[in-house]
Amino acid sequence: MKKINKAVSLIIIYITLTITPWINGLQDEKTQLLFTALLITTAIISIISSETKYKKHILLFLLFIIWNVFRNYTEIEKLATISKSNSEATIIIMTMYFSLYIIITTCIVNKAEIINLIKAIVISAAINSIYSLVNYYTSGAFVIVDAIEPWDVNWDQAVRGTLSYKNQYATYLVISFILCLAIIKDNVNSKINKVVYISLAILIGYTITKTSSRGAIIILGLVLILFFLRTVPTNKKEIIMEKTIKLALLITIIPLFLMSTDIGKRLEDTGLNPNGRNYLYQTAINVIINENYIFGNGAGTYPVIQQKYKNMNLGYDKTSNHAHNDYLEFAANYGTIGYLFVFFGLYLIYIEKRKEIIKHGSKNLNTLNEYSKMILAYLIIHSAIDYNMGLPLIVFLTILTIHIHIVSKNRVENV
């Protein structure tokens with residue numbers, strides 16, 4: 001029975017991480033409700049049939065959800081959410097995330113399971129890339145998934161894949177691209193397979209340039225440079241020589257690459273113009289300062305409260321209903337208390353990992369661990385200039401990346 005339950009749970013994980021990119025990244029409320037019900041049911045089955053001891057940071061995640069449920073139904077003025085309907089919808093999504101984390105923690109526990117799941121994600125992203133490029137070169141002649149308002153893009157100008165917002169699509173592809181690099185590094189068994197995954201990486205990487213997302217491409221480049229230049233300490237002269245060669249190659253290749261693609265043309269035309277983000281950030285900061293900065297205004301309420309402080313230069317465009325800075329929007333929604341939950345959760349993860357290191361020794365050079373760090377570094381930086389965590393697909397992939405990072409760090413003999 002346990003094997004059957006695990007097999008079902010694995011199927012649900014594969015569906016969640018490979019099919020949702022093809023349904024607008026789960027942007028639609030109806031599909032969100034469907035997947036919430038599916039994942040909650042699967043999580044309950046996983047908990048019942050598993051003997052896994054869940055870490056304290058996972059229980060803190062549950063406590064955060066309970067705290068927001070309390071805020072949604074309390075009548076205490078400073079604690080009550082300003083929009084019950086928005087908060088209810090967001091709490092449902094939180095529950096979906098929590099359920100997925102439970103399922104992944106329970107079912108994805110060894111190297112083979114992680115690698116197989118990553119391969120499925122990469123293949124799905126590669127097929128999606130082909131779909132994007134076909135539509136890019138045919139001006140959208142073969143579109144099968146329409147964008148959901150307020151997002152959209154002209155296929156002659158950039159690709160958005162089967163998502164709605166091209167910058168979120170760029171982030172999805174960046175995560176898939178880095179996961180593909182992790183497979184190529186040392187997780188394929190034959191030269192033929194390595195050639196296949198190198199080809200997929202090139203395909204996904206090329207498609208990223210067609211998103212015309214300046215932030216995603218520049219930050220990916222910076223992250224690749226930082227991790228590419230990292231070297232295991234051996235002979236000092238060899239390290240200096242190796243880093244010099246790598247740096248010279250990067251300085252030569254990256255400018256040529258950028259200027260030969262659409263992103264190079266966009267940088268040439270617009271430079272680093274913030275596209276109104278300065279007004280978006282100003283609006284978010286005004287909300288945080290003038291409203292409930294201790295407790296926040298309630299889960300998912302930013303689109304409501306920002307109307308009160310919205311800069312007139314932003315007009316009535318619904319794309320400006322979000323701060324395009326996940327940190328500012330989180331602060332407006334959850335306040336200082338919300339960040340205390342985040343920091344305490346990170347502290348618990350750190351403590352749990354320190355205990356593992358003391359018990360088993362550090363295995364920081366594990367390939368999966370290194371590439372999961374690369375994804376997290378990208379997300380940490382890019383979330384300061386865009387709207388990543390508003391799309392369930394990206395949160396799903398972030399949850400998986402965090403799990404890979406935690407599991408692969410110290411259990412390298414199993415992972």
# chains A, B, ... in the order shown; residues from 1 in each chain; ligands from 1

$ residues_around --residues "region 145-157 of chain A" --least-positions-apart "2" --cutoff "9 Å" --atoms "only C-alpha atoms" --output "PyMOL selection string"
chain A and resi 22-24+27-28+132+135-140+143+159-166+210-212+262+317-319

$ write_last_selection --atoms "N, CA and C atoms" --output "CSV table (one decimal), in the first residue's frame"
chain,number,residue,atom,x,y,z
A,22,TRP,N,2.1,24.5,-18.9
A,22,TRP,CA,1.2,24.5,-20.1
A,22,TRP,C,-0.2,25.0,-19.9
A,23,ILE,N,-0.5,25.4,-18.6
A,23,ILE,CA,-1.8,26.0,-18.3
A,23,ILE,C,-1.6,27.3,-17.6
A,24,ASN,N,-0.8,28.2,-18.3
A,24,ASN,CA,-0.5,29.5,-17.8
A,24,ASN,C,0.2,29.5,-16.4
A,27,GLN,N,-2.1,30.3,-13.3
A,27,GLN,CA,-2.5,31.7,-13.0
A,27,GLN,C,-4.0,31.8,-12.8
A,28,ASP,N,-4.7,30.9,-13.5
A,28,ASP,CA,-6.2,31.0,-13.4
A,28,ASP,C,-6.7,30.4,-12.1
A,132,SER,N,7.5,28.1,-28.3
A,132,SER,CA,7.7,29.6,-28.3
A,132,SER,C,8.4,30.0,-29.5
A,135,ASN,N,6.3,30.0,-32.7
A,135,ASN,CA,5.3,31.1,-32.7
A,135,ASN,C,6.1,32.4,-32.9
A,136,TYR,N,7.3,32.5,-32.4
A,136,TYR,CA,8.1,33.7,-32.6
A,136,TYR,C,8.4,34.0,-34.1
A,137,TYR,N,8.7,32.9,-34.7
A,137,TYR,CA,9.1,33.0,-36.1
A,137,TYR,C,7.9,33.0,-37.1
A,138,THR,N,6.7,32.7,-36.6
A,138,THR,CA,5.5,32.6,-37.4
A,138,THR,C,4.5,33.7,-37.0
A,139,SER,N,5.0,34.6,-36.1
A,139,SER,CA,4.1,35.7,-35.6
A,139,SER,C,2.9,35.2,-34.9
A,140,GLY,N,3.1,34.1,-34.1
A,140,GLY,CA,2.0,33.5,-33.3
A,140,GLY,C,1.0,32.7,-34.1
A,143,VAL,N,-0.4,29.5,-31.8
A,143,VAL,CA,-0.7,29.6,-30.3
A,143,VAL,C,-1.8,28.7,-29.9
A,159,VAL,N,8.9,36.3,-26.8
A,159,VAL,CA,8.2,35.1,-26.5
A,159,VAL,C,7.7,35.1,-25.1
A,160,ARG,N,6.5,34.4,-24.9
A,160,ARG,CA,6.0,34.2,-23.5
A,160,ARG,C,5.7,32.8,-23.2
A,161,GLY,N,5.9,31.9,-24.2
A,161,GLY,CA,5.6,30.5,-24.0
A,161,GLY,C,4.1,30.3,-23.8
A,162,THR,N,3.8,29.4,-22.8
A,162,THR,CA,2.4,29.1,-22.5
A,162,THR,C,2.1,29.8,-21.2
A,163,LEU,N,2.9,30.8,-20.8
A,163,LEU,CA,2.6,31.7,-19.6
A,163,LEU,C,2.0,33.0,-20.2
A,164,SER,N,1.7,33.9,-19.3
A,164,SER,CA,1.1,35.2,-19.7
A,164,SER,C,2.1,36.3,-19.7
A,165,TYR,N,3.0,36.3,-18.7
A,165,TYR,CA,3.9,37.4,-18.5
A,165,TYR,C,5.3,36.9,-18.9
A,166,LYS,N,5.9,37.6,-19.9
A,166,LYS,CA,7.2,37.1,-20.5
A,166,LYS,C,8.3,37.1,-19.5
A,210,LYS,N,15.1,35.3,-26.3
A,210,LYS,CA,13.9,35.8,-27.1
A,210,LYS,C,12.8,36.3,-26.2
A,211,THR,N,12.9,36.2,-24.9
A,211,THR,CA,11.9,36.7,-24.0
A,211,THR,C,12.1,38.3,-23.9
A,212,SER,N,13.3,38.8,-24.3
A,212,SER,CA,13.6,40.2,-24.2
A,212,SER,C,13.5,40.7,-22.8
A,262,ASP,N,18.2,39.5,-29.5
A,262,ASP,CA,17.2,40.5,-29.3
A,262,ASP,C,17.4,41.3,-28.1
A,317,ASP,N,-3.3,51.0,-15.9
A,317,ASP,CA,-2.8,49.7,-16.3
A,317,ASP,C,-2.8,48.7,-15.2
A,318,LYS,N,-3.5,47.5,-15.3
A,318,LYS,CA,-3.6,46.5,-14.2
A,318,LYS,C,-2.3,45.8,-14.0
A,319,THR,N,-1.3,45.9,-14.9
A,319,THR,CA,0.0,45.3,-14.6
A,319,THR,C,0.7,46.0,-13.5

$ residues_around --residues "Gly345 (chain A)" --least-positions-apart "4" --cutoff "7 Å" --atoms "only C-alpha atoms" --output "PyMOL selection string"
chain A and resi 57+60+341+349

$ write_last_selection --atoms "N, CA, C and O atoms" --output "tab-separated table (two decimals), in the first residue's frame"
chain	number	residue	atom	x	y	z
A	57	HIS	N	11.00	23.85	10.40
A	57	HIS	CA	10.68	24.95	9.50
A	57	HIS	C	9.42	24.66	8.69
A	57	HIS	O	8.70	25.59	8.29
A	60	LEU	N	6.61	25.56	10.93
A	60	LEU	CA	6.50	27.02	10.99
A	60	LEU	C	5.72	27.54	9.78
A	60	LEU	O	4.94	28.50	9.90
A	341	PHE	N	8.54	35.64	10.54
A	341	PHE	CA	8.29	34.24	10.18
A	341	PHE	C	9.36	33.75	9.21
A	341	PHE	O	9.91	32.64	9.36
A	349	ILE	N	16.17	26.39	9.44
A	349	ILE	CA	16.85	25.60	8.40
A	349	ILE	C	18.35	25.57	8.66
A	349	ILE	O	19.00	24.52	8.54

$ residues_around --residues "region 284-291 of chain A" --least-positions-apart "2" --cutoff "7 Å" --atoms "only C-alpha atoms" --output "list in words"
Leu280, Tyr281, Gln282, Tyr293, Gln306, Tyr309, Ala323, Leu328, Glu329, Ala331 and Ala332 of chain A

$ residues_around --residues "Ile217 (chain A)" --least-positions-apart "5" --cutoff "10 Å" --atoms "only C-alpha atoms" --output "list of chain:residue names"
A:Asn167, A:Ala170, A:Thr171, A:Val174, A:Gly205, A:Ile208, A:Thr209, A:Thr211, A:Ser212, A:Leu222, A:Val223, A:Leu258, A:Ile263, A:His382

$ closest_residue --among "A:Gly296, A:Gly221, A:Gly215, A:Gly335" --to "Ile178 (chain A)" --atoms "only C-alpha atoms"
A:Gly221

$ closest_residue --among "A:Asn292, A:Thr401, A:Ser199, A:Thr283" --to "Met312 (chain A)" --atoms "only C-alpha atoms"
A:Thr283

$ atom_distance --atom1 "CA of Tyr172 (chain A)" --atom2 "CA of Leu314 (chain A)"
26.8 Å

$ atom_distance --atom1 "CA of Asp386 (chain A)" --atom2 "CA of Arg214 (chain A)"
11.0 Å

$ closest_residue --among "A:Ala299, A:Ile118, A:Ile406, A:Ile11" --to "Arg71 (chain A)" --atoms "only C-alpha atoms"
A:Ala299

$ select_by_dssp --residues "region 189-238 of chain A" --states "helix (DSSP H, G or I)" --output "ChimeraX atom specification"
/A:191-210,214-228,236-238

$ write_last_selection --atoms "C-alpha atoms" --output "PDB file, in the first residue's frame"
ATOM      1  CA  LYS A 191      28.066  10.688 -24.139  1.00  0.00           C
ATOM      2  CA  ILE A 192      24.914  10.506 -26.269  1.00  0.00           C
ATOM      3  CA  ASN A 193      22.749  11.586 -23.331  1.00  0.00           C
ATOM      4  CA  LYS A 194      25.194  14.364 -22.518  1.00  0.00           C
ATOM      5  CA  VAL A 195      24.975  15.654 -26.108  1.00  0.00           C
ATOM      6  CA  VAL A 196      21.166  15.520 -25.871  1.00  0.00           C
ATOM      7  CA  TYR A 197      21.073  17.590 -22.670  1.00  0.00           C
ATOM      8  CA  ILE A 198      23.676  20.040 -23.973  1.00  0.00           C
ATOM      9  CA  SER A 199      21.405  20.526 -27.001  1.00  0.00           C
ATOM     10  CA  LEU A 200      18.415  21.081 -24.692  1.00  0.00           C
ATOM     11  CA  ALA A 201      20.418  23.626 -22.652  1.00  0.00           C
ATOM     12  CA  ILE A 202      21.323  25.519 -25.843  1.00  0.00           C
ATOM     13  CA  LEU A 203      17.679  25.453 -26.969  1.00  0.00           C
ATOM     14  CA  ILE A 204      16.355  26.734 -23.616  1.00  0.00           C
ATOM     15  CA  GLY A 205      19.170  29.293 -23.347  1.00  0.00           C
ATOM     16  CA  TYR A 206      18.450  30.638 -26.828  1.00  0.00           C
ATOM     17  CA  THR A 207      14.740  30.905 -26.013  1.00  0.00           C
ATOM     18  CA  ILE A 208      15.578  32.916 -22.876  1.00  0.00           C
ATOM     19  CA  THR A 209      17.164  35.577 -25.103  1.00  0.00           C
ATOM     20  CA  LYS A 210      13.933  35.792 -27.102  1.00  0.00           C
ATOM     21  CA  ARG A 214      16.704  42.342 -19.580  1.00  0.00           C
ATOM     22  CA  GLY A 215      16.657  41.642 -15.848  1.00  0.00           C
ATOM     23  CA  ALA A 216      16.444  37.853 -16.203  1.00  0.00           C
ATOM     24  CA  ILE A 217      19.252  37.650 -18.770  1.00  0.00           C
ATOM     25  CA  ILE A 218      21.631  40.065 -17.016  1.00  0.00           C
ATOM     26  CA  ILE A 219      21.121  38.425 -13.604  1.00  0.00           C
ATOM     27  CA  LEU A 220      21.524  34.938 -15.097  1.00  0.00           C
ATOM     28  CA  GLY A 221      24.788  36.142 -16.661  1.00  0.00           C
ATOM     29  CA  LEU A 222      26.030  37.518 -13.334  1.00  0.00           C
ATOM     30  CA  VAL A 223      25.117  34.336 -11.478  1.00  0.00           C
ATOM     31  CA  LEU A 224      26.824  32.162 -14.114  1.00  0.00           C
ATOM     32  CA  ILE A 225      29.969  34.328 -13.914  1.00  0.00           C
ATOM     33  CA  LEU A 226      30.100  34.127 -10.105  1.00  0.00           C
ATOM     34  CA  PHE A 227      29.661  30.355 -10.027  1.00  0.00           C
ATOM     35  CA  PHE A 228      31.814  29.754 -13.102  1.00  0.00           C
ATOM     36  CA  LYS A 236      47.425  28.673  -6.092  1.00  0.00           C
ATOM     37  CA  LYS A 237      49.101  29.296  -9.488  1.00  0.00           C
ATOM     38  CA  GLU A 238      46.725  26.895 -11.212  1.00  0.00           C
TER      39      GLU A 238
END

$ residues_around --residues "Ser99 (chain A)" --least-positions-apart "4" --cutoff "6 Å" --atoms "only C-alpha atoms" --output "number ranges by chain"
A: 39-40, 43

$ atom_distance --atom1 "CA of Leu181 (chain A)" --atom2 "CA of Asn369 (chain A)"
12.4 Å
